[in-house]
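Participant: Got model_12.txt for you, compact mmCIF, C-alpha atoms:
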```txt
# COMPACT_ATOMS: atom_id res chain seq x y z
CA MET O 1 49.32 -23.79 -84.38
CA LYS O 2 48.13 -21.30 -87.00
CA LYS O 3 45.57 -23.82 -88.31
CA PHE O 4 44.29 -24.35 -84.76
CA ALA O 5 43.86 -20.59 -84.25
CA VAL O 6 41.89 -20.22 -87.48
CA THR O 7 39.66 -23.16 -86.52
CA ALA O 8 39.05 -21.68 -83.07
CA LEU O 9 38.10 -18.34 -84.58
CA CYS O 10 35.62 -20.04 -86.94
CA ILE O 11 34.01 -21.92 -84.06
CA LEU O 12 33.80 -18.71 -82.01
CA ALA O 13 32.19 -16.87 -84.93
CA ALA O 14 29.65 -19.65 -85.37
CA LEU O 15 28.79 -19.61 -81.68
CA THR O 16 28.42 -15.82 -81.78
CA ALA O 17 26.09 -16.02 -84.78
CA ALA O 18 24.05 -18.75 -83.13
CA GLY O 19 23.85 -16.70 -79.97
CA GLY O 20 22.57 -13.71 -81.93
CA ALA O 21 19.89 -15.81 -83.60
CA ALA O 22 18.87 -17.30 -80.28
CA ALA O 23 18.65 -13.85 -78.73
CA PHE O 24 16.22 -12.72 -81.44
CA ALA O 25 14.25 -15.93 -80.98
CA ASP O 26 13.77 -15.11 -77.31
CA THR O 27 10.05 -15.29 -76.67
CA ALA O 28 10.31 -12.16 -74.52
CA GLU O 29 10.90 -10.22 -77.76
CA PRO O 30 9.20 -12.34 -80.44
CA TYR O 31 8.39 -9.50 -82.87
CA PRO O 32 11.08 -7.28 -84.43
CA THR O 33 11.19 -3.64 -83.42
CA ASP O 34 10.94 -0.88 -86.03
CA GLU O 35 14.70 -0.37 -85.96
CA MET O 36 15.31 -4.03 -86.72
CA PHE O 37 13.21 -3.82 -89.88
CA GLU O 38 15.40 -0.98 -91.16
CA ALA O 39 18.03 -2.05 -93.70
CA GLU O 40 20.15 -0.45 -96.42
CA LEU O 41 20.94 -1.70 -99.89
CA GLU O 42 24.53 -2.81 -100.18
CA PHE O 43 26.12 -4.22 -103.32
CA VAL O 44 29.21 -6.35 -103.88
CA SER O 45 29.87 -4.98 -107.36
CA VAL O 46 27.79 -2.35 -109.14
CA THR O 47 28.28 -2.56 -112.91
CA ASP O 48 25.65 -0.01 -113.96
CA TYR O 49 22.71 2.03 -112.72
CA ALA O 50 19.92 4.37 -113.86
CA VAL O 51 17.75 7.03 -112.19
CA SER O 52 14.12 7.72 -113.11
CA ALA O 53 12.37 11.09 -113.34
CA ASP O 54 10.46 10.14 -110.16
CA GLY O 55 13.63 9.51 -108.20
CA GLU O 56 13.62 5.72 -108.41
CA TYR O 57 16.91 3.86 -108.77
CA ALA O 58 17.82 0.73 -110.71
CA PHE O 59 21.12 -1.06 -110.07
CA LEU O 60 22.81 -3.71 -112.14
CA HIS O 61 25.04 -5.76 -109.86
CA ASP O 62 26.40 -9.25 -109.34
CA VAL O 63 24.96 -11.66 -106.79
CA ILE O 64 26.87 -14.78 -105.82
CA THR O 65 24.47 -17.74 -105.94
CA GLU O 66 25.76 -21.26 -105.30
CA GLY O 67 29.28 -20.15 -106.12
CA GLU O 68 28.31 -18.44 -109.39
CA SER O 69 27.97 -14.75 -110.18
CA VAL O 70 24.46 -13.88 -111.37
CA SER O 71 23.65 -10.58 -113.09
CA THR O 72 20.82 -8.99 -111.06
CA VAL O 73 18.75 -5.81 -111.33
CA THR O 74 17.41 -4.25 -108.12
CA VAL O 75 14.93 -1.36 -108.17
CA HIS O 76 14.46 0.98 -105.19
CA ASP O 77 11.70 3.59 -104.87
CA GLY O 78 14.12 6.23 -103.60
CA LYS O 79 12.20 6.43 -100.33
CA HIS O 80 11.99 3.32 -98.20
CA GLU O 81 11.04 0.32 -100.30
CA LYS O 82 12.91 -2.17 -102.42
CA LEU O 83 10.47 -2.59 -105.29
CA SER O 84 11.94 -5.56 -107.11
CA GLU O 85 15.00 -7.73 -107.54
CA LYS O 86 15.43 -10.19 -110.37
CA ALA O 87 18.17 -11.95 -112.32
CA LEU O 88 18.39 -10.60 -115.88
CA PRO O 89 20.83 -11.12 -118.77
CA ALA O 90 21.76 -7.43 -118.65
CA VAL O 91 25.03 -5.69 -119.39
CA ALA O 92 23.78 -2.09 -119.21
CA LEU O 93 20.92 -0.04 -117.72
CA ASP O 94 19.17 3.17 -118.70
CA TYR O 95 15.95 5.10 -118.12
CA ASP O 96 13.58 5.67 -121.03
CA ALA O 97 12.17 9.10 -120.18
CA GLU O 98 9.65 9.01 -123.05
CA ASP O 99 7.95 5.81 -121.87
CA GLY O 100 8.80 6.37 -118.23
CA GLU O 101 10.45 3.01 -117.49
CA PHE O 102 13.80 1.37 -116.88
CA VAL O 103 15.37 -0.62 -119.71
CA TYR O 104 18.38 -2.89 -120.07
CA GLY O 105 20.59 -4.04 -122.89
CA ASP O 106 21.96 -7.56 -123.40
CA VAL O 107 25.26 -8.72 -124.91
CA GLU O 108 23.74 -8.78 -128.41
CA GLY O 109 22.65 -5.16 -128.25
CA ASN O 110 18.94 -5.86 -127.80
CA VAL O 111 16.99 -3.64 -125.41
CA PHE O 112 14.19 -4.78 -123.11
CA THR O 113 12.06 -3.46 -120.31
CA LEU O 114 12.66 -5.03 -116.91
CA ASP O 115 9.59 -7.19 -117.61
CA GLY O 116 11.29 -8.66 -120.68
CA LYS O 117 9.42 -6.74 -123.38
CA ALA O 118 11.58 -5.86 -126.39
CA VAL O 119 11.66 -2.12 -127.15
CA ASP O 120 13.11 0.09 -129.86
CA TYR O 121 15.45 2.20 -127.78
CA THR O 122 19.10 3.24 -127.93
CA LEU O 123 20.94 3.22 -124.62
CA LYS O 124 22.59 6.52 -123.74
CA THR O 125 26.36 6.71 -123.33
CA PHE O 126 27.97 9.36 -121.13
CA GLY O 127 31.73 8.87 -121.40
CA ASP O 128 34.17 10.34 -118.91
CA THR O 129 33.10 14.00 -119.20
CA ILE O 130 29.77 15.69 -118.52
CA THR O 131 29.21 19.39 -119.25
CA PHE O 132 26.02 21.30 -118.42
CA ASP O 133 25.09 24.76 -117.12
CA GLY O 134 28.69 25.89 -117.48
CA LYS O 135 29.96 23.12 -115.18
CA ILE O 136 32.27 20.29 -116.08
CA TYR O 137 32.64 16.93 -114.33
CA TYR O 138 35.32 14.60 -115.64
CA LEU O 139 36.97 11.31 -114.78
CA ASN O 140 40.67 10.69 -115.22
CA ASP O 141 41.99 7.29 -114.16
CA GLY O 142 39.22 7.00 -111.58
CA LYS O 143 39.74 10.49 -110.18
CA LEU O 144 36.66 12.71 -110.37
CA SER O 145 37.07 16.45 -110.72
CA TYR O 146 34.77 19.43 -111.06
CA THR O 147 35.38 22.86 -112.58
CA TYR O 148 33.65 25.71 -114.42
CA ALA O 149 33.74 25.90 -118.19
CA GLN O 150 34.85 29.52 -117.90
CA GLY O 151 36.98 30.96 -115.16
CA ASP O 152 40.39 30.74 -113.62
CA GLU O 153 39.43 28.72 -110.53
CA ALA O 154 41.38 25.56 -109.92
CA PRO O 155 39.42 22.30 -110.35
CA HIS O 156 37.95 20.62 -107.29
CA HIS O 157 39.09 17.03 -106.90
CA PHE O 158 36.85 14.55 -105.06
CA GLU O 159 38.52 12.02 -102.81
CA GLY O 160 38.36 8.35 -103.71
CA GLU O 161 38.11 6.34 -106.89
CA TYR O 162 34.98 6.77 -109.02
CA SER O 163 33.38 5.14 -112.03
CA LEU O 164 30.17 5.19 -114.09
CA LEU O 165 29.81 8.98 -114.43
CA LYS O 166 26.23 9.82 -115.55
CA LYS O 167 23.68 12.63 -115.56
CA TYR O 168 19.94 12.21 -114.88
CA GLY O 169 17.76 15.28 -114.47
CA ASP O 170 19.73 18.14 -112.96
CA LEU O 171 22.17 15.95 -111.02
CA VAL O 172 25.39 14.19 -111.83
CA TYR O 173 26.02 10.72 -110.40
CA ALA O 174 28.98 8.41 -109.99
CA VAL O 175 29.83 5.21 -108.11
CA LYS O 176 32.47 4.92 -105.41
CA ASP O 177 33.08 1.76 -103.37
CA ASN O 178 29.94 0.20 -104.95
CA ARG O 179 27.81 3.03 -103.62
CA LEU O 180 26.04 5.73 -105.62
CA TYR O 181 26.78 9.42 -105.04
CA SER O 182 25.14 12.53 -106.41
CA PHE O 183 27.02 15.78 -107.10
CA GLU O 184 26.03 19.41 -107.11
CA GLN O 185 29.00 21.59 -107.89
CA ALA O 186 31.69 20.67 -105.34
CA ALA O 187 29.32 18.91 -102.94
CA GLU O 188 28.88 15.13 -103.03
CA THR O 189 26.02 13.27 -101.31
CA PRO O 190 25.87 9.50 -100.75
CA ILE O 191 22.57 7.98 -101.85
CA ALA O 192 21.28 6.10 -98.80
CA LEU O 193 18.88 3.46 -100.10
CA LYS O 194 17.11 2.25 -97.00
CA TYR O 195 14.33 -0.30 -97.12
CA TYR O 196 12.26 -2.51 -94.85
CA ASP O 197 13.59 -6.04 -94.52
CA TYR O 198 10.36 -7.97 -94.03
CA THR O 199 12.16 -11.32 -93.97
CA LEU O 200 12.81 -10.75 -90.25
CA ALA O 201 9.17 -11.63 -89.59
CA GLU O 202 9.19 -14.92 -91.52
CA ASN O 203 9.95 -17.10 -88.48
CA ILE O 204 8.33 -15.65 -85.40
CA PRO O 205 8.83 -17.73 -82.23
CA ALA O 206 5.50 -18.93 -80.90
CA GLY O 207 6.37 -18.80 -77.22
CA LEU O 208 3.19 -19.01 -75.14
CA ILE O 209 0.89 -17.68 -77.82
CA PHE O 210 -1.10 -20.90 -78.20
CA ASP O 211 -1.58 -21.19 -74.44
CA ASN O 212 -2.55 -17.53 -74.14
CA LEU O 213 -5.24 -17.96 -76.79
CA LYS O 214 -7.06 -20.15 -74.27
CA ASP O 215 -6.96 -17.45 -71.57
CA TYR O 216 -9.12 -14.85 -73.25
CA ARG O 217 -10.28 -11.32 -72.38
CA LEU O 218 -12.79 -9.68 -74.69
CA LYS O 219 -11.61 -6.35 -76.10
CA PHE O 220 -10.60 -4.58 -79.30
CA VAL O 221 -7.27 -2.97 -80.15
CA ASN O 222 -6.57 0.12 -82.22
CA VAL O 223 -3.27 -0.24 -84.08
CA ALA O 224 -1.49 3.05 -84.81
CA ALA O 225 -0.68 4.19 -88.33
CA GLN O 226 2.83 3.44 -89.66
CA SER O 227 3.01 0.21 -87.65
CA PHE O 228 4.58 -3.00 -88.86
CA VAL O 229 2.05 -5.84 -88.90
CA THR O 230 2.40 -9.43 -90.11
CA GLU O 231 -0.45 -11.67 -91.22
CA ILE O 232 -0.16 -15.08 -89.56
CA ASP O 233 -1.91 -18.44 -89.88
CA LEU O 234 -3.20 -19.48 -86.47
CA ASP O 235 -4.98 -22.44 -88.05
CA ASP O 236 -1.64 -24.05 -88.92
CA VAL O 237 -0.86 -26.70 -86.30
CA SER O 238 2.26 -28.11 -87.96
CA SER O 239 4.54 -26.44 -85.41
CA ASP O 240 4.22 -25.35 -81.79
CA SER O 241 7.47 -23.37 -81.83
CA VAL O 242 7.10 -21.10 -84.88
CA ILE O 243 4.16 -19.02 -86.09
CA LYS O 244 3.49 -19.48 -89.79
CA THR O 245 2.92 -16.39 -91.91
CA ALA O 246 0.03 -16.11 -94.37
CA GLY O 247 -0.40 -14.45 -97.74
CA GLU O 248 2.05 -13.57 -100.49
CA ASN O 249 3.38 -10.44 -98.73
CA PRO O 250 2.51 -11.07 -95.07
CA THR O 251 4.39 -8.14 -93.51
CA ARG O 252 3.70 -4.51 -94.29
CA LYS O 253 3.78 -1.07 -92.73
CA THR O 254 0.29 0.30 -92.30
CA VAL O 255 -0.60 3.61 -93.92
CA SER O 256 -3.58 4.29 -91.69
CA GLY O 257 -4.59 2.72 -88.40
CA MET O 258 -6.28 -0.65 -87.96
CA ARG O 259 -9.05 -1.73 -85.57
CA GLY O 260 -9.08 -5.37 -84.64
CA LEU O 261 -10.25 -8.00 -82.18
CA PHE O 262 -7.70 -8.67 -79.44
CA LEU O 263 -6.72 -12.35 -79.38
CA CYS O 264 -3.77 -12.55 -77.01
CA GLU O 265 -0.57 -10.92 -75.89
CA TYR O 266 2.85 -12.46 -75.31
CA GLY O 267 6.29 -10.98 -74.94
CA ASN O 268 6.43 -7.65 -76.77
CA ALA O 269 3.72 -8.68 -79.24
CA THR O 270 -0.06 -8.51 -79.57
CA VAL O 271 -2.07 -10.86 -81.77
CA PHE O 272 -5.34 -9.56 -83.21
CA SER O 273 -7.79 -10.33 -86.00
CA VAL O 274 -9.80 -8.41 -88.59
CA LYS O 275 -12.64 -10.07 -90.52
CA GLY O 276 -11.32 -13.59 -89.93
CA LYS O 277 -7.63 -12.84 -90.66
CA SER O 278 -5.07 -12.80 -87.84
CA TYR O 279 -2.10 -10.47 -87.40
CA ILE O 280 0.77 -9.80 -85.03
CA THR O 281 2.39 -6.48 -84.16
CA LEU O 282 4.22 -4.75 -81.34
CA THR O 283 2.08 -4.21 -78.24
CA SER O 284 3.44 -0.66 -78.09
CA ASN O 285 1.54 0.03 -81.33
CA CYS O 286 -1.81 -0.93 -79.76
CA THR O 287 -4.38 0.94 -77.70
CA PRO O 288 -7.01 -1.26 -76.00
CA GLU O 289 -10.72 -0.63 -76.45
CA TYR O 290 -13.00 -2.47 -74.05
CA ILE O 291 -16.35 -3.51 -75.49
CA ALA O 292 -19.56 -5.25 -74.43
CA GLY O 293 -22.10 -7.22 -76.40
CA GLU O 294 -25.80 -6.54 -76.79
CA GLU O 295 -28.58 -8.26 -74.86
CA THR O 296 -30.38 -11.15 -76.51
CA ASP O 297 -34.05 -12.18 -76.42
CA PHE O 298 -33.23 -15.52 -74.78
CA GLU O 299 -31.06 -16.52 -71.84
CA SER O 300 -30.12 -20.10 -72.68
CA GLY O 301 -29.89 -22.42 -75.64
CA THR O 302 -28.53 -25.61 -77.09
CA LEU O 303 -25.41 -25.92 -79.24
CA THR O 304 -26.41 -27.15 -82.70
CA GLY O 305 -22.89 -27.01 -84.14
CA SER O 306 -19.97 -29.12 -83.04
CA LYS O 307 -17.64 -26.46 -81.56
CA VAL O 308 -17.40 -23.41 -79.36
CA TYR O 309 -14.31 -21.22 -79.15
CA THR O 310 -12.33 -19.42 -76.47
CA CYS O 311 -12.71 -16.14 -78.40
CA PRO O 312 -14.86 -14.91 -81.30
CA PHE O 313 -12.27 -16.13 -83.80
CA VAL O 314 -12.59 -19.55 -85.40
CA CYS O 315 -9.47 -21.68 -85.72
CA ARG O 316 -8.22 -24.97 -84.37
CA ARG O 317 -6.07 -23.22 -81.77
CA THR O 318 -9.15 -21.60 -80.17
CA GLU O 319 -11.43 -24.65 -80.14
CA VAL O 320 -12.84 -25.67 -76.77
CA GLU O 321 -12.39 -29.39 -76.19
CA ASN O 322 -14.95 -31.85 -74.80
CA ILE O 323 -17.98 -29.91 -76.07
CA SER O 324 -20.32 -31.28 -78.71
CA ALA O 325 -23.72 -30.64 -80.24
CA GLY O 326 -26.54 -30.68 -77.68
CA GLN O 327 -24.51 -28.92 -74.99
CA TYR O 328 -26.59 -26.60 -72.78
CA LEU O 329 -25.25 -23.03 -72.89
CA LYS O 330 -26.16 -19.93 -70.95
CA VAL O 331 -26.33 -16.91 -73.26
CA LYS O 332 -24.76 -13.69 -71.95
CA SER O 333 -24.82 -11.39 -75.00
CA ILE O 334 -24.39 -11.18 -78.76
CA LEU O 335 -21.49 -9.40 -80.50
CA ASN O 336 -22.40 -7.51 -83.67
CA PHE O 337 -19.26 -5.77 -84.95
CA GLY O 338 -19.25 -6.17 -88.71
CA ASP O 339 -16.16 -4.00 -89.24
CA VAL O 340 -14.04 -6.37 -87.17
CA LEU O 341 -15.80 -9.75 -86.90
CA ASN O 342 -16.65 -11.92 -89.92
CA ALA O 343 -19.93 -12.98 -88.24
CA ALA O 344 -22.06 -12.25 -85.20
CA TYR O 345 -21.07 -14.28 -82.12
CA TYR O 346 -22.89 -15.26 -78.97
CA GLU O 347 -20.98 -14.88 -75.72
CA VAL O 348 -21.99 -17.93 -73.69
CA GLU O 349 -21.18 -19.78 -70.48
CA TYR O 350 -20.88 -23.51 -69.95
CA THR O 351 -20.00 -25.75 -67.03
CA ASP O 352 -17.35 -28.44 -67.41
CA GLY O 353 -17.18 -31.84 -65.75
CA ASP O 354 -15.59 -30.34 -62.65
CA SER O 355 -18.50 -27.89 -62.25
CA VAL O 356 -16.30 -24.97 -63.29
CA THR O 357 -17.99 -22.23 -65.33
CA HIS O 358 -16.23 -20.95 -68.45
CA THR O 359 -16.94 -18.23 -71.02
CA ALA O 360 -16.87 -19.15 -74.69
CA TYR O 361 -18.12 -17.92 -78.07
CA VAL O 362 -20.26 -19.50 -80.77
CA ALA O 363 -21.15 -18.09 -84.17
CA GLU O 364 -24.72 -17.07 -84.80
CA GLY O 365 -26.61 -19.89 -86.49
CA PHE O 366 -25.06 -22.62 -84.36
CA LEU O 367 -27.12 -22.00 -81.25
CA SER O 368 -30.77 -22.99 -80.82
CA LYS O 369 -33.13 -21.07 -78.56
CA GLN O 370 -34.77 -24.37 -77.57
CA VAL O 371 -33.22 -26.18 -74.61
CA PHE O 372 -33.01 -29.97 -74.66
CA GLU O 373 -32.36 -31.50 -71.24
CA ASP O 374 -30.62 -34.84 -70.97
CA ASN O 375 -32.90 -37.94 -70.78
CA LYS O 376 -36.01 -35.84 -71.38
CA LYS O 377 -38.07 -35.34 -74.48
CA PRO O 378 -38.03 -31.82 -75.80
CA VAL O 379 -40.94 -29.66 -74.77
CA GLU O 380 -43.16 -29.10 -77.76
CA VAL O 381 -45.10 -25.89 -78.14
CA PRO O 382 -48.28 -26.59 -80.19
CA ASP O 383 -49.23 -24.40 -83.08
CA GLU O 384 -52.51 -22.63 -82.37
CA ASN O 385 -53.55 -23.04 -85.98
CA GLU O 386 -52.79 -26.74 -86.17
CA SER O 387 -55.07 -29.58 -84.86
CA HIS O 388 -53.47 -32.33 -82.79
CA GLY O 389 -56.63 -34.54 -82.10
CA ASN O 390 -56.65 -38.33 -81.54
CA ASN O 391 -56.60 -39.80 -85.04
CA VAL O 392 -57.53 -43.37 -83.93
CA ARG O 393 -60.67 -42.22 -82.16
CA THR O 394 -61.69 -40.23 -85.22
CA VAL O 395 -61.32 -43.25 -87.48
CA VAL O 396 -63.42 -45.47 -85.14
CA LEU O 397 -66.22 -42.90 -85.01
CA ILE O 398 -66.27 -42.65 -88.78
CA MET O 399 -66.50 -46.45 -89.08
CA LEU O 400 -69.45 -46.60 -86.61
CA VAL O 401 -71.33 -43.94 -88.54
CA VAL O 402 -70.79 -45.85 -91.79
CA ILE O 403 -72.05 -49.10 -90.23
CA LEU O 404 -75.19 -47.43 -88.84
CA VAL O 405 -75.90 -45.88 -92.20
CA LEU O 406 -75.60 -49.28 -93.88
CA ILE O 407 -77.93 -50.93 -91.35
CA ALA O 408 -80.56 -48.24 -91.80
CA ALA O 409 -80.37 -48.51 -95.56
CA GLY O 410 -80.83 -52.32 -95.41
CA TYR O 411 -83.87 -52.01 -93.20
CA LEU O 412 -85.53 -49.55 -95.56
CA VAL O 413 -84.93 -51.85 -98.51
CA TYR O 414 -86.48 -54.75 -96.59
CA VAL O 415 -89.60 -52.80 -95.64
CA ILE O 416 -90.12 -51.50 -99.14
CA THR O 417 -89.73 -54.86 -100.91
CA GLY O 418 -91.58 -57.08 -98.29
CA GLY O 419 -95.27 -56.30 -99.46
CA LYS O 420 -94.54 -56.93 -103.12
CA LYS O 421 -93.67 -60.56 -102.41
CA LYS O 422 -97.31 -61.48 -101.08
CA LYS O 423 -99.67 -63.21 -103.71
CA LYS O 424 -103.40 -62.27 -104.19
CA THR O 425 -105.99 -65.31 -103.63
CA THR O 426 -109.24 -66.12 -105.57
CA PRO O 427 -112.62 -67.02 -103.86
CA ASP O 428 -112.17 -70.71 -104.78
CA GLU O 429 -108.67 -70.65 -103.32
CA GLU O 430 -110.00 -68.97 -100.19
CA GLU O 431 -112.68 -71.66 -99.88
CA LYS O 432 -110.09 -74.35 -100.22
CA GLN O 433 -108.05 -72.72 -97.58
CA THR O 434 -111.01 -72.49 -95.12
CA PRO O 435 -110.97 -75.29 -92.54
CA PRO O 436 -113.79 -77.95 -92.88
CA GLU O 437 -115.37 -77.20 -89.52
CA GLU O 438 -116.13 -73.74 -90.65
CA LYS O 439 -118.26 -74.93 -93.59
CA GLU O 440 -122.15 -75.12 -93.24
```
Represent the supplied structure as structure tokens.

Facilitator:
Amino acid sequence: MKKFAVTALCILAALTAAGGAAAFADTAEPYPTDEMFEAELEFVSVTDYAVSADGEYAFLHDVITEGESVSTVTVHDGKHEKLSEKALPAVALDYDAEDGEFVYGDVEGNVFTLDGKAVDYTLKTFGDTITFDGKIYYLNDGKLSYTYAQGDEAPHHFEGEYSLLKKYGDLVYAVKDNRLYSFEQAAETPIALKYYDYTLAENIPAGLIFDNLKDYRLKFVNVAAQSFVTEIDLDDVSSDSVIKTAGENPTRKTVSGMRGLFLCEYGNATVFSVKGKSYITLTSNCTPEYIAGEETDFESGTLTGSKVYTCPFVCRRTEVENISAGQYLKVKSILNFGDVLNAAYYEVEYTDGDSVTHTAYVAEGFLSKQVFEDNKKPVEVPDENESHGNNVRTVVLIMLVVILVLIAAGYLVYVITGGKKKKKTTPDEEEKQTPPEEKE
């Protein structure tokens, strides 16, 4: 019966966890809220720590990985960011104030920076008693007490069990229940190491985002400062249920505001782009800015590229189907917004096979001002400086002129050489040539 109860509890816990995951995956709330990004560093077993002059913290603690305990060093900026976390063969931590960096020691007594560079440094040891400015903090079997070096006041005993008593700067520190505390006289303050857990935005449910990209309304959005935004890859078509992130660190909290091209909205999220990169954020962070393009010097043209898009953002998810090069397009305006768009885009209209008119966008350079109508030759506009005469007629005329010139030349040769061929006759020859009846 006991085994059955334990099994039932395990199943119930699994169902509860699954239900929680499914609730977050609800497409009505696809993007985490600011509160959900908030997290706090928690350690299973802190074995050492160090504090920098700038208020950063380094913790040496154990992490259970695949059933084994791995020595790990985590660095926090003391404000709201976890700077790094890496497995290191460390047994002790310290802060090198001269070089301004954290260092660790290994089991052989060697000292390294957190990047693995060997350094000549001796780790500080603090012991169980720290005395400064006439104040004394001391540990005795895990009990931490505070008193003055001079005076008759009874010591102040802090509640709980402490370890790793150290001093950095003007504060004394100790660890209780794997959490760091600072002390100033009889007052103790827990060190709350909050950070932003960006892993929450690694698997964003797609919902209707890909359908909404097809139903487009031209406008910009102004994203407020201190907003969480995640870079996403809309060109990835490997999944229709999850949005893929892009870049090494896709999620960040903006320092200043962002101005982007509105792409679509779904659930509590808005998708926008800046210079060809796409992002997602909470719609509550966005203020719409309605825009209009500029007039062009032509009203229609022919698509010379192979695609037009539902919005001025090029990716496979925004491609308009059943349109190819040669498509007649009516030109409405041109969008020149270099701070947001990665190119100038024409806003155009086309008519589909059902005689329905749609608005689309095509990048400058893929639209010709010349219109080619189906089954008709393109209208050619002659160059005023170029001759387009009949070449065949010209050749025939030239040949006739050549022939006439040759005939005239032959005739002149004949006339000139004809007289030279006649022979002169003597009187005897003339007499012989005279007919007999003419003689006396």

Participant: Determine, for each residue of region 126-242 of chain O having at least one atom at most 9 Å from an atom of region 315-336 of chain O, the closest pair of atoms and their separation in Å to one decimal, counting all atoms listed in the file; order by chain and ascending number, as a tab-separated table.

Facilitator:
```
residue	atom	partner	partner_atom	distance
O:Phe210	CA	O:Arg317	CA	6.5
O:Asp211	CA	O:Arg317	CA	8.8
O:Leu213	CA	O:Thr318	CA	6.3
O:Lys214	CA	O:Thr318	CA	6.4
O:Leu234	CA	O:Arg317	CA	6.7
O:Asp235	CA	O:Cys315	CA	5.1
O:Asp236	CA	O:Arg316	CA	8.1
O:Val237	CA	O:Arg317	CA	7.7
```

Participant: Since we have the selection now, will you write its residues out, keeping C-alpha atoms, as an mmCIF file, keeping the file's coordinate frame?

Facilitator:
```cif
data_model
loop_
_atom_site.group_PDB
_atom_site.id
_atom_site.type_symbol
_atom_site.label_atom_id
_atom_site.label_comp_id
_atom_site.auth_asym_id
_atom_site.auth_seq_id
_atom_site.Cartn_x
_atom_site.Cartn_y
_atom_site.Cartn_z
ATOM 1 C CA PHE O 210 -1.100 -20.900 -78.200
ATOM 2 C CA ASP O 211 -1.580 -21.190 -74.440
ATOM 3 C CA LEU O 213 -5.240 -17.960 -76.790
ATOM 4 C CA LYS O 214 -7.060 -20.150 -74.270
ATOM 5 C CA LEU O 234 -3.200 -19.480 -86.470
ATOM 6 C CA ASP O 235 -4.980 -22.440 -88.050
ATOM 7 C CA ASP O 236 -1.640 -24.050 -88.920
ATOM 8 C CA VAL O 237 -0.860 -26.700 -86.300
#
```

Participant: Which is closest to Phe102 (chain O) among O:Gly410, O:Gly267, O:Gly127, O:Gly55, if we use all atoms listed in the file?

Facilitator: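 Using all atoms listed in the file, the shortest distance to Phe102 (chain O) belongs to O:Gly55.
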
Participant: Using all atoms listed in the file, which of the listed residues (O:Gly134, O:Gly160, O:Gly276, O:Gly116) sits closest to Tyr148 (chain O)?

Facilitator: O:Gly134

Participant: Please compute the CA of Ala225 (chain O)-CA of Tyr290 (chain O) distance, one decimal, in Å.

Facilitator: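 These two atoms are separated by 20.0 Å.
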
Participant: I'd like the contact shell of Glu347 (chain O) - 12 Å cut-off, all atoms listed in the file, skipping same-chain residues fewer than 4 positions apart - returned as a PyMOL selection string.

Facilitator: chain O and resi 217-218+292-296+299-301+308-313+329-336+358-364+367

Participant: For Gly78 (chain O), which residue out of O:Ala97, O:Val175, O:Leu193, O:Leu114 is the nearest one, using all atoms listed in the file?

Facilitator: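 For Gly78 (chain O), the nearest of the candidates is O:Leu193.
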
Participant: So, counting all atoms listed in the file, which residue among O:Leu139, O:Leu208, O:Leu282, O:Val415 is closest to Gln226 (chain O)?

Facilitator: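 Looking at the shortest contact to Gln226 (chain O), the residue is O:Leu282.
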
Participant: Using Å and a single decimal, report how far CA of Leu341 (chain O) sits from CA of Glu29 (chain O).

Facilitator: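 Separating CA of Glu29 (chain O) from CA of Leu341 (chain O) is a distance of 28.2 Å.
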
Participant: Let me make sure I understand: among O:Leu171, O:Cys264, O:Ile191, O:Leu41, which one has the smallest atom-to-atom distance to Phe220 (chain O) if we use all atoms listed in the file?

Facilitator: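 Among the listed residues, O:Cys264 lies closest to Phe220 (chain O).
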
Participant: Report, as AutoDock Vina command-line options, the centre and edge lengths in Å (one decimal) of the axis-aligned box enclosing every listed atom of region 164-169 of chain O, padded by 6 Å on each side.

Facilitator:
```
--center_x 24.0 --center_y 10.2 --center_z -114.8 --size_x 24.4 --size_y 22.1 --size_z 13.5
```

Participant: Give as a list in words every residue, naming chains and numbers as the document does, that has an atom within 6 Å of (6.7, -5.8, -98.0), counting only C-alpha atoms.

Facilitator: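 Final list of nearby residues, as requested, is Tyr198, Asn249, Thr251 and Arg252 of chain O.
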
Participant: For region 239-247 of chain O, find every residue with an atom within 10 Å (counting only C-alpha atoms), except residues of its own chain fewer than 6 positions away, and show them as a PyMOL selection string.

Facilitator: chain O and resi 25+27+201-210+230-233+277-280

Participant: Any chance you could build region 184-189 of chain O out to N, CA and C atoms and write it as a PDB file, in the frame of the given file?

Facilitator:
```
ATOM      1  N   GLU O 184      26.531  18.089-106.771  1.00  0.00           N
ATOM      2  CA  GLU O 184      26.030  19.410-107.110  1.00  0.00           C
ATOM      3  C   GLU O 184      27.157  20.390-106.860  1.00  0.00           C
ATOM      4  N   GLN O 185      27.767  20.811-107.931  1.00  0.00           N
ATOM      5  CA  GLN O 185      29.000  21.590-107.890  1.00  0.00           C
ATOM      6  C   GLN O 185      30.061  20.792-107.113  1.00  0.00           C
ATOM      7  N   ALA O 186      30.607  21.357-106.040  1.00  0.00           N
ATOM      8  CA  ALA O 186      31.690  20.670-105.340  1.00  0.00           C
ATOM      9  C   ALA O 186      31.194  19.805-104.176  1.00  0.00           C
ATOM     10  N   ALA O 187      29.885  19.691-104.053  1.00  0.00           N
ATOM     11  CA  ALA O 187      29.320  18.910-102.940  1.00  0.00           C
ATOM     12  C   ALA O 187      28.904  17.524-103.436  1.00  0.00           C
ATOM     13  N   GLU O 188      29.292  16.500-102.701  1.00  0.00           N
ATOM     14  CA  GLU O 188      28.880  15.130-103.030  1.00  0.00           C
ATOM     15  C   GLU O 188      27.998  14.577-101.906  1.00  0.00           C
ATOM     16  N   THR O 189      26.974  13.815-102.286  1.00  0.00           N
ATOM     17  CA  THR O 189      26.020  13.270-101.310  1.00  0.00           C
ATOM     18  C   THR O 189      25.835  11.788-101.559  1.00  0.00           C
TER      19      THR O 189
END
```
